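Below is the file target.tsv, which contains TSV, C-alpha atoms.
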```tsv
chain	number	residue	atom	x	y	z
A	26	MET	CA	0.00	0.00	0.00
A	27	ALA	CA	1.07	3.61	-0.42
A	28	LEU	CA	0.03	7.11	0.48
A	29	TYR	CA	-2.43	8.91	-1.77
A	30	PHE	CA	-1.08	11.30	-4.37
A	31	GLY	CA	-1.65	14.84	-3.16
A	32	ASN	CA	0.04	17.91	-1.81
A	33	SER	CA	-1.20	17.27	1.72
A	34	SER	CA	-4.07	15.56	3.46
A	35	ASP	CA	-5.53	18.99	4.21
A	36	SER	CA	-5.48	20.20	0.60
A	37	LEU	CA	-6.48	17.04	-1.26
A	38	VAL	CA	-10.23	17.69	-1.23
A	39	ILE	CA	-9.78	21.39	-2.07
A	40	ASP	CA	-7.44	20.59	-4.95
A	41	ALA	CA	-9.69	17.83	-6.23
A	42	LEU	CA	-12.75	20.12	-6.24
A	43	ALA	CA	-10.80	22.71	-8.22
A	44	GLY	CA	-9.75	20.05	-10.71
A	45	PHE	CA	-13.29	18.73	-11.00
A	46	ALA	CA	-14.61	22.21	-11.72
A	47	ARG	CA	-11.89	22.78	-14.32
A	48	ALA	CA	-12.66	19.48	-16.04
A	49	HIS	CA	-16.40	20.16	-16.12
A	50	GLY	CA	-16.51	23.91	-16.55
A	51	ASP	CA	-19.33	23.54	-19.07
A	52	LEU	CA	-21.53	21.99	-16.36
A	53	VAL	CA	-20.65	23.54	-13.00
A	54	ALA	CA	-19.45	26.74	-11.38
A	55	HIS	CA	-17.04	26.52	-8.47
A	56	ASP	CA	-17.41	28.72	-5.40
A	57	VAL	CA	-13.83	28.61	-4.20
A	58	GLU	CA	-14.39	30.65	-1.05
A	59	HIS	CA	-17.20	28.47	0.29
A	60	GLY	CA	-16.24	25.10	-1.17
A	61	PHE	CA	-19.15	24.00	-3.31
A	62	VAL	CA	-20.14	23.55	-6.95
A	63	ARG	CA	-23.45	24.56	-8.51
A	64	ALA	CA	-25.09	23.69	-11.79
A	65	LEU	CA	-24.76	26.12	-14.68
A	66	HIS	CA	-27.81	24.74	-16.46
A	67	THR	CA	-31.12	23.86	-14.83
A	68	SER	CA	-34.73	23.60	-15.94
A	69	PRO	CA	-36.62	26.92	-15.91
A	70	ALA	CA	-39.63	24.99	-14.56
A	71	ARG	CA	-37.80	24.14	-11.36
A	72	ARG	CA	-39.25	25.90	-8.31
A	73	VAL	CA	-37.02	24.27	-5.67
A	74	GLY	CA	-33.24	24.04	-5.48
A	75	LEU	CA	-31.83	20.59	-4.68
A	76	VAL	CA	-28.70	20.51	-2.52
A	77	SER	CA	-26.75	17.53	-1.26
A	78	GLY	CA	-23.30	16.81	0.07
A	79	GLY	CA	-21.24	14.73	2.42
A	80	GLY	CA	-17.73	13.62	3.06
A	81	ALA	CA	-15.26	13.38	0.20
A	82	GLY	CA	-14.01	9.93	-0.70
A	83	HIS	CA	-17.32	8.78	-2.20
A	84	GLU	CA	-16.75	10.22	-5.67
A	85	PRO	CA	-18.52	10.64	-8.00
A	86	LEU	CA	-21.12	11.28	-5.27
A	87	HIS	CA	-22.16	14.10	-4.85
A	88	THR	CA	-20.39	16.56	-7.13
A	89	GLY	CA	-20.64	14.24	-10.13
A	90	PHE	CA	-24.42	14.52	-10.05
A	91	VAL	CA	-24.66	18.31	-10.16
A	92	GLY	CA	-26.22	19.49	-13.38
A	93	LEU	CA	-29.27	19.54	-15.57
A	94	GLY	CA	-31.90	17.11	-14.27
A	95	MET	CA	-30.22	16.31	-10.95
A	96	LEU	CA	-28.65	18.42	-8.19
A	97	ASP	CA	-28.41	22.21	-8.20
A	98	ALA	CA	-25.42	22.20	-5.84
A	99	ALA	CA	-23.19	19.86	-3.84
A	100	CYS	CA	-20.86	20.48	-0.88
A	101	PRO	CA	-18.00	18.06	-0.21
A	102	GLY	CA	-16.59	17.85	3.28
A	103	ARG	CA	-13.18	16.49	4.17
A	104	ILE	CA	-12.63	12.78	3.60
A	105	PHE	CA	-15.45	10.85	5.30
A	106	ALA	CA	-16.50	14.01	7.17
A	107	SER	CA	-19.57	16.20	6.89
A	108	PRO	CA	-19.40	19.52	5.02
A	109	HIS	CA	-19.42	22.55	7.29
A	110	ASN	CA	-22.82	24.13	7.82
A	111	ARG	CA	-21.47	27.33	6.26
A	112	GLN	CA	-20.81	25.47	3.00
A	113	VAL	CA	-24.33	24.07	2.99
A	114	PHE	CA	-25.86	27.45	3.82
A	115	MET	CA	-23.99	29.32	1.10
A	116	ALA	CA	-24.66	26.65	-1.52
A	117	SER	CA	-28.34	26.57	-0.61
A	118	ARG	CA	-28.68	30.33	-0.73
A	119	ALA	CA	-26.97	30.38	-4.13
A	120	VAL	CA	-29.45	27.96	-5.72
A	121	ALA	CA	-32.67	28.68	-3.82
A	122	ARG	CA	-35.75	29.12	-6.00
A	123	GLU	CA	-39.09	30.77	-5.31
A	124	ASP	CA	-40.29	27.76	-3.33
A	125	GLY	CA	-37.06	27.26	-1.40
A	126	VAL	CA	-34.46	24.53	-1.07
A	127	LEU	CA	-34.63	20.79	-0.48
A	128	HIS	CA	-31.67	19.15	1.28
A	129	LEU	CA	-30.92	15.53	0.44
A	130	VAL	CA	-29.07	14.24	3.49
A	131	LYS	CA	-27.49	10.85	4.10
A	132	ASN	CA	-28.21	9.58	7.59
A	133	TYR	CA	-25.00	10.30	9.47
A	134	THR	CA	-24.80	12.36	12.62
A	135	GLY	CA	-22.46	15.04	11.26
A	136	ASP	CA	-24.47	15.50	8.06
A	137	ARG	CA	-27.72	15.78	9.98
A	138	ILE	CA	-26.27	18.38	12.35
A	139	ASN	CA	-24.63	20.58	9.71
A	140	PHE	CA	-27.50	20.46	7.23
A	141	GLY	CA	-29.84	21.18	10.14
A	142	ILE	CA	-27.91	24.29	11.20
A	143	ALA	CA	-27.83	25.50	7.59
A	144	ALA	CA	-31.59	24.95	7.29
A	145	GLU	CA	-32.22	27.05	10.41
A	146	ARG	CA	-30.13	29.88	8.98
A	147	LEU	CA	-31.99	29.69	5.66
A	148	VAL	CA	-35.38	29.87	7.33
A	149	HIS	CA	-34.16	32.82	9.38
A	150	GLU	CA	-33.43	34.59	6.08
A	151	GLY	CA	-36.88	33.78	4.75
A	152	ILE	CA	-35.84	30.86	2.50
A	153	ALA	CA	-38.07	27.82	2.93
A	154	CYS	CA	-36.07	24.64	3.51
A	155	THR	CA	-36.75	21.04	4.42
A	156	ARG	CA	-34.89	17.78	4.02
A	157	VAL	CA	-35.15	14.23	2.79
A	158	LEU	CA	-33.19	11.85	5.04
A	159	ILE	CA	-31.72	8.92	3.09
A	160	ASP	CA	-31.34	5.75	5.17
A	161	ASP	CA	-31.15	2.77	2.84
A	162	ASP	CA	-28.38	0.63	4.38
A	163	LEU	CA	-29.84	-2.67	5.52
A	164	ALA	CA	-26.70	-3.66	7.43
A	165	SER	CA	-27.23	-0.87	9.97
A	166	GLU	CA	-30.88	-1.66	10.59
A	167	SER	CA	-30.80	-2.58	14.24
A	168	GLU	CA	-32.49	-1.55	17.47
A	169	GLU	CA	-29.01	-1.28	18.96
A	170	ILE	CA	-28.04	1.50	16.50
A	171	ALA	CA	-29.75	4.65	17.76
A	172	ALA	CA	-29.03	6.66	14.61
A	173	GLY	CA	-30.84	4.12	12.41
A	174	ARG	CA	-29.90	2.92	8.95
A	175	ARG	CA	-27.01	4.70	7.21
A	176	GLY	CA	-27.37	6.49	3.89
A	177	THR	CA	-25.44	4.66	1.19
A	178	GLY	CA	-25.72	3.46	-2.41
A	179	ALA	CA	-29.38	4.29	-3.08
A	180	THR	CA	-28.58	7.98	-2.60
A	181	VAL	CA	-27.82	8.39	-6.30
A	182	LEU	CA	-31.16	6.82	-7.28
A	183	VAL	CA	-33.03	9.21	-4.99
A	184	GLU	CA	-31.10	12.19	-6.38
A	185	LYS	CA	-31.93	11.19	-9.95
A	186	VAL	CA	-35.66	10.66	-9.47
A	187	LEU	CA	-36.11	13.76	-7.31
A	188	GLY	CA	-34.14	15.84	-9.80
A	189	ALA	CA	-36.50	14.83	-12.59
A	190	ALA	CA	-39.51	15.49	-10.36
A	191	ALA	CA	-38.20	18.96	-9.51
A	192	ASP	CA	-38.00	19.68	-13.23
A	193	THR	CA	-41.75	19.14	-13.52
A	194	GLY	CA	-42.32	22.15	-11.25
A	195	LEU	CA	-43.27	20.37	-8.02
A	196	GLY	CA	-43.22	22.51	-4.89
A	197	LEU	CA	-41.12	21.98	-1.79
A	198	ARG	CA	-43.67	20.01	0.24
A	199	ASP	CA	-44.56	17.71	-2.64
A	200	LEU	CA	-40.89	17.05	-3.42
A	201	ALA	CA	-40.12	16.30	0.22
A	202	ASP	CA	-43.06	13.89	0.43
A	203	LEU	CA	-41.96	12.15	-2.77
A	204	GLY	CA	-38.40	11.91	-1.49
A	205	THR	CA	-39.52	10.35	1.78
A	206	ASP	CA	-41.59	7.84	-0.16
A	207	LEU	CA	-38.68	7.01	-2.46
A	208	VAL	CA	-36.36	6.42	0.48
A	209	SER	CA	-38.89	4.05	2.05
A	210	ARG	CA	-38.75	2.02	-1.17
A	211	CYS	CA	-34.94	1.68	-1.20
A	212	ARG	CA	-32.53	-0.72	0.47
A	213	SER	CA	-28.83	-1.37	-0.01
A	214	LEU	CA	-26.31	-3.92	1.21
A	215	ALA	CA	-22.52	-3.88	0.73
A	216	VAL	CA	-19.74	-6.46	0.94
A	217	ALA	CA	-15.97	-6.10	0.77
A	218	SER	CA	-12.98	-8.39	0.48
A	219	ALA	CA	-10.49	-5.67	1.47
A	220	SER	CA	-10.73	-2.31	3.23
A	221	HIS	CA	-9.98	1.11	1.83
A	222	THR	CA	-6.52	2.60	2.27
A	223	ALA	CA	-6.36	5.10	5.13
A	224	PRO	CA	-5.22	8.41	3.55
A	225	THR	CA	-3.06	9.44	6.49
A	226	THR	CA	-1.07	6.20	6.80
A	227	GLY	CA	-1.22	4.43	3.45
A	228	LEU	CA	-2.23	1.28	5.31
A	229	PRO	CA	-5.45	-0.76	5.16
A	230	ALA	CA	-8.13	0.61	7.48
A	231	PHE	CA	-8.76	-2.95	8.66
A	232	GLU	CA	-7.41	-6.40	7.90
A	233	LEU	CA	-9.28	-9.36	6.45
A	234	PRO	CA	-8.00	-12.89	5.92
A	235	ILE	CA	-7.86	-13.91	2.27
A	236	ASP	CA	-10.67	-16.41	2.76
A	237	ARG	CA	-13.12	-14.01	4.51
A	238	MET	CA	-15.18	-10.97	3.55
A	239	GLU	CA	-17.12	-8.23	5.32
A	240	TYR	CA	-20.87	-8.70	4.89
A	241	GLY	CA	-22.59	-5.40	5.57
A	242	VAL	CA	-19.64	-2.99	5.40
A	243	GLY	CA	-20.24	0.78	5.50
A	244	ILE	CA	-19.04	3.39	3.02
A	245	HIS	CA	-16.72	4.99	5.61
A	246	GLY	CA	-15.05	1.70	6.33
A	247	GLU	CA	-17.41	0.78	9.15
A	248	ARG	CA	-16.94	-2.89	9.92
A	249	ALA	CA	-19.82	-5.29	9.53
A	250	ASP	CA	-21.27	-7.20	12.47
A	251	HIS	CA	-19.58	-10.30	11.13
A	252	THR	CA	-17.40	-11.65	8.39
A	253	VAL	CA	-18.38	-14.54	6.15
A	254	PRO	CA	-16.36	-17.06	4.16
A	255	ARG	CA	-15.47	-16.15	0.59
A	256	GLN	CA	-18.06	-17.71	-1.70
A	257	PRO	CA	-19.06	-17.77	-5.37
A	258	VAL	CA	-20.77	-14.60	-6.52
A	259	ARG	CA	-23.97	-16.46	-7.38
A	260	GLU	CA	-24.35	-17.62	-3.78
A	261	LEU	CA	-23.29	-14.28	-2.30
A	262	VAL	CA	-25.61	-12.21	-4.48
A	263	GLY	CA	-28.46	-14.63	-3.84
A	264	ASN	CA	-28.13	-14.06	-0.10
A	265	MET	CA	-27.86	-10.29	-0.51
A	266	ALA	CA	-30.87	-10.06	-2.84
A	267	GLY	CA	-32.89	-12.23	-0.49
A	268	ALA	CA	-32.16	-9.92	2.43
A	269	LEU	CA	-33.12	-6.83	0.40
A	270	GLU	CA	-36.34	-8.45	-0.80
A	271	LYS	CA	-37.31	-9.45	2.72
A	272	SER	CA	-36.68	-5.97	4.10
A	273	LEU	CA	-38.84	-4.37	1.40
A	274	GLY	CA	-41.49	-7.07	1.45
A	275	LEU	CA	-40.99	-7.82	-2.24
A	276	GLY	CA	-42.66	-10.73	-3.93
A	277	LYS	CA	-43.52	-12.07	-7.33
A	278	GLY	CA	-44.78	-9.29	-9.58
A	279	ALA	CA	-42.75	-6.50	-7.94
A	280	SER	CA	-40.78	-4.08	-10.14
A	281	VAL	CA	-37.46	-2.52	-9.16
A	282	ILE	CA	-34.56	-0.42	-10.32
A	283	LEU	CA	-31.28	-2.22	-9.57
A	284	LEU	CA	-27.94	-0.56	-8.86
A	285	VAL	CA	-24.71	-2.58	-8.78
A	286	ASN	CA	-22.26	-0.11	-7.27
A	287	GLY	CA	-18.50	-0.48	-7.02
A	288	LEU	CA	-16.91	0.71	-3.79
A	289	GLY	CA	-13.72	1.95	-5.43
A	290	SER	CA	-11.40	-0.74	-6.72
A	291	LEU	CA	-13.54	-3.52	-8.14
A	292	THR	CA	-13.05	-4.07	-11.87
A	293	ARG	CA	-15.85	-3.63	-14.38
A	294	LEU	CA	-15.32	-7.28	-15.24
A	295	GLU	CA	-16.39	-8.22	-11.71
A	296	LEU	CA	-19.21	-5.68	-11.50
A	297	TYR	CA	-20.85	-6.92	-14.70
A	298	ALA	CA	-20.58	-10.50	-13.42
A	299	VAL	CA	-22.31	-9.40	-10.20
A	300	LEU	CA	-25.02	-7.72	-12.26
A	301	ALA	CA	-25.61	-10.85	-14.31
A	302	ASP	CA	-26.12	-12.96	-11.20
A	303	ALA	CA	-28.24	-10.35	-9.44
A	304	ALA	CA	-30.53	-10.08	-12.46
A	305	ARG	CA	-30.82	-13.87	-12.66
A	306	VAL	CA	-31.80	-14.05	-9.00
A	307	LEU	CA	-34.48	-11.40	-9.36
A	308	ASP	CA	-35.81	-12.95	-12.58
A	309	ALA	CA	-36.06	-16.35	-10.91
A	310	ARG	CA	-38.10	-14.85	-8.07
A	311	GLY	CA	-40.56	-13.14	-10.41
A	312	ILE	CA	-39.27	-9.62	-9.73
A	313	THR	CA	-39.08	-7.38	-12.81
A	314	THR	CA	-35.88	-5.38	-13.15
A	315	GLU	CA	-37.14	-2.28	-14.93
A	316	ARG	CA	-33.77	-0.53	-15.14
A	317	VAL	CA	-30.19	-1.31	-14.13
A	318	LEU	CA	-27.13	0.79	-13.36
A	319	VAL	CA	-23.65	-0.65	-12.97
A	320	GLY	CA	-20.41	1.13	-12.11
A	321	ASP	CA	-18.80	3.28	-9.43
A	322	PHE	CA	-21.39	5.76	-8.13
A	323	VAL	CA	-21.00	5.84	-4.32
A	324	THR	CA	-17.49	4.72	-3.45
A	325	ALA	CA	-15.46	4.31	-0.28
A	326	LEU	CA	-12.09	5.54	-1.57
A	327	ASP	CA	-10.42	2.36	-2.89
A	328	MET	CA	-12.37	-0.26	-0.97
A	329	ARG	CA	-12.49	-3.61	-2.75
A	330	GLY	CA	-16.17	-4.40	-2.68
A	331	PHE	CA	-19.60	-3.65	-4.07
A	332	SER	CA	-23.11	-2.82	-2.98
A	333	LEU	CA	-26.50	-3.82	-4.29
A	334	SER	CA	-29.33	-1.29	-4.12
A	335	VAL	CA	-32.93	-1.77	-5.13
A	336	MET	CA	-35.66	0.83	-5.46
A	337	VAL	CA	-39.24	-0.36	-5.81
A	338	ALA	CA	-40.39	1.35	-8.98
A	339	ASP	CA	-43.83	2.04	-10.36
A	340	ALA	CA	-44.39	3.46	-13.85
A	341	GLU	CA	-44.03	7.07	-12.68
A	342	THR	CA	-40.73	6.32	-10.92
A	343	VAL	CA	-39.35	4.69	-14.07
A	344	LYS	CA	-40.46	7.68	-16.14
A	345	LEU	CA	-38.64	10.07	-13.82
A	346	PHE	CA	-35.57	7.83	-13.78
A	347	ASP	CA	-35.52	7.92	-17.59
A	348	ALA	CA	-35.84	11.71	-17.81
A	349	PRO	CA	-32.83	13.46	-19.40
A	350	ALA	CA	-29.94	14.49	-17.18
A	351	ARG	CA	-26.56	15.97	-17.97
A	352	THR	CA	-23.95	15.83	-15.23
A	353	ALA	CA	-20.31	14.82	-15.01
A	354	ALA	CA	-21.07	11.29	-13.83
A	355	TRP	CA	-24.63	10.36	-14.80
A	356	PRO	CA	-24.21	7.71	-17.52
A	357	ARG	CA	-27.51	7.97	-19.39
```

Please render this file's structure as structure tokens.
Amino acid sequence: MALYFGNSSDSLVIDALAGFARAHGDLVAHDVEHGFVRALHTSPARRVGLVSGGGAGHEPLHTGFVGLGMLDAACPGRIFASPHNRQVFMASRAVAREDGVLHLVKNYTGDRINFGIAAERLVHEGIACTRVLIDDDLASESEEIAAGRRGTGATVLVEKVLGAAADTGLGLRDLADLGTDLVSRCRSLAVASASHTAPTTGLPAFELPIDRMEYGVGIHGERADHTVPRQPVRELVGNMAGALEKSLGLGKGASVILLVNGLGSLTRLELYAVLADAARVLDARGITTERVLVGDFVTALDMRGFSLSVMVADAETVKLFDAPARTAAWPR
């Protein structure tokens, strides 16, 4: 293992954001002082600005999904750390529309606190603001975890569908209600055969024997409750899909959008093999896969693993998912 390439651990996120903005100057504007990017092109029908953000290290989330049809602005924090409430406030104020701002917040304590403070400041200035809390991670669904399920891979699905809905002219309350409904229809589960590399040391964040894997790992390197033996992908994906189906109460005749998400260092060869087996499992259980996404969307630096996310999708959800979008990382 080796240290990350960068000038310093303190400047890596700042430098990366500047490089991202330079590479995609036709899509985003970079507020250097306050550390966020905003979309240059948005639908004139949009009445609500959509703002998200979170710790760096999950690229292309969230900056890669700023642009026409998705987010109006995104605020990256330091690696695996929440953005400062000042970043969120300034980004929100910059993109607020006549009906306010909707915050899309992954369920982590720091994110909830900082987006909450920013929301209070916005309301104090007369800008309506509410949030959608994304908590799709099945592995952290436990009565022993007070914070509840984490926000993970399904975040990008929620951002896409809500972005399309915002472009139809929905107001703040209707968008927030739709977002809450979408989140309730999403679950994710992640596995890893090796941890990410800790940026400050160049060493693995945790060790795993060659014949074991983490089942239920988090996107900040949170360990699962248990490890499992290495197993063929068909068996592994079957178990993961079964757990997701059970949590959502899916049965024969259900329709879903499926995301196979790389956590940073899995090859496309492996990800497509995972997708093939996941689709076979769902087909065999009578669940219709309306749309699929495969690739790196919500990463954990260079973690060697993947997540499966499913969103229960009716015809309107599929229509919104298919709506045009133009961002740095959206593939369609």

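With CA of Leu203 (chain A) on one side and CA of His109 (chain A) on the other, the separation reads 26.8 Å.
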
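When only C-alpha atoms are used to compute distances to Asp339 (chain A), the closest of the residues A:Arg146, A:Arg174, A:His221, A:Arg316 turns out to be A:Arg316.
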
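Note that CA of Asp161 (chain A) and CA of Arg118 (chain A) are 27.9 Å apart.
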
>> Env of Phe331 (chain A): 9 Å cut, atoms = all atoms listed in the file, seq-sep filter 2 positions within chain, self excluded. Answer as a PyMOL selection string.
In response: chain A and resi 214-217+285-289+291+296+299+321+324+328-329+333

>> As an exercise, work out the distance from CA of Gly194 (chain A) to CA of Ala70 (chain A) in Å and give it to one decimal place.
In response: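 It comes out at 5.1 Å.
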
> Excluding same-chain residues fewer than 6 positions from region 32-45 of chain A, what lies within 7 Å of it counting all atoms listed in the file, as a list in words?
Replying inline: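 Near region 32-45 of chain A, the qualifying residues are Ala81, Arg103 and Thr225 of chain A.
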
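With all atoms listed in the file as the atoms that count, the residue of A:Thr352, A:Gly267, A:Asp206, A:Val253 with the shortest distance to Ala98 (chain A) is A:Thr352.
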
>> Env of Leu182 (chain A): 8 Å cut, atoms = all atoms listed in the file, seq-sep filter 4 positions within chain, self excluded. Answer as a ChimeraX atom specification.
In response: /A:186,336,346

>> Nearest residue to Asp202 (chain A) out of A:Val262, A:Val157, A:Ala48, A:Leu345, using all atoms listed in the file?
In response: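 That would be A:Val157, the residue with the smallest distance to Asp202 (chain A).
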
Centre, edges in Å (one decimal): axis-aligned box, region 172-183 of chain A, 3 Å padding on all six sides, as lines of an AutoDock Vina configuration file:
```
center_x = -29.2
center_y = 6.1
center_z = 3.7
size_x = 13.6
size_y = 12.3
size_z = 27.9
```
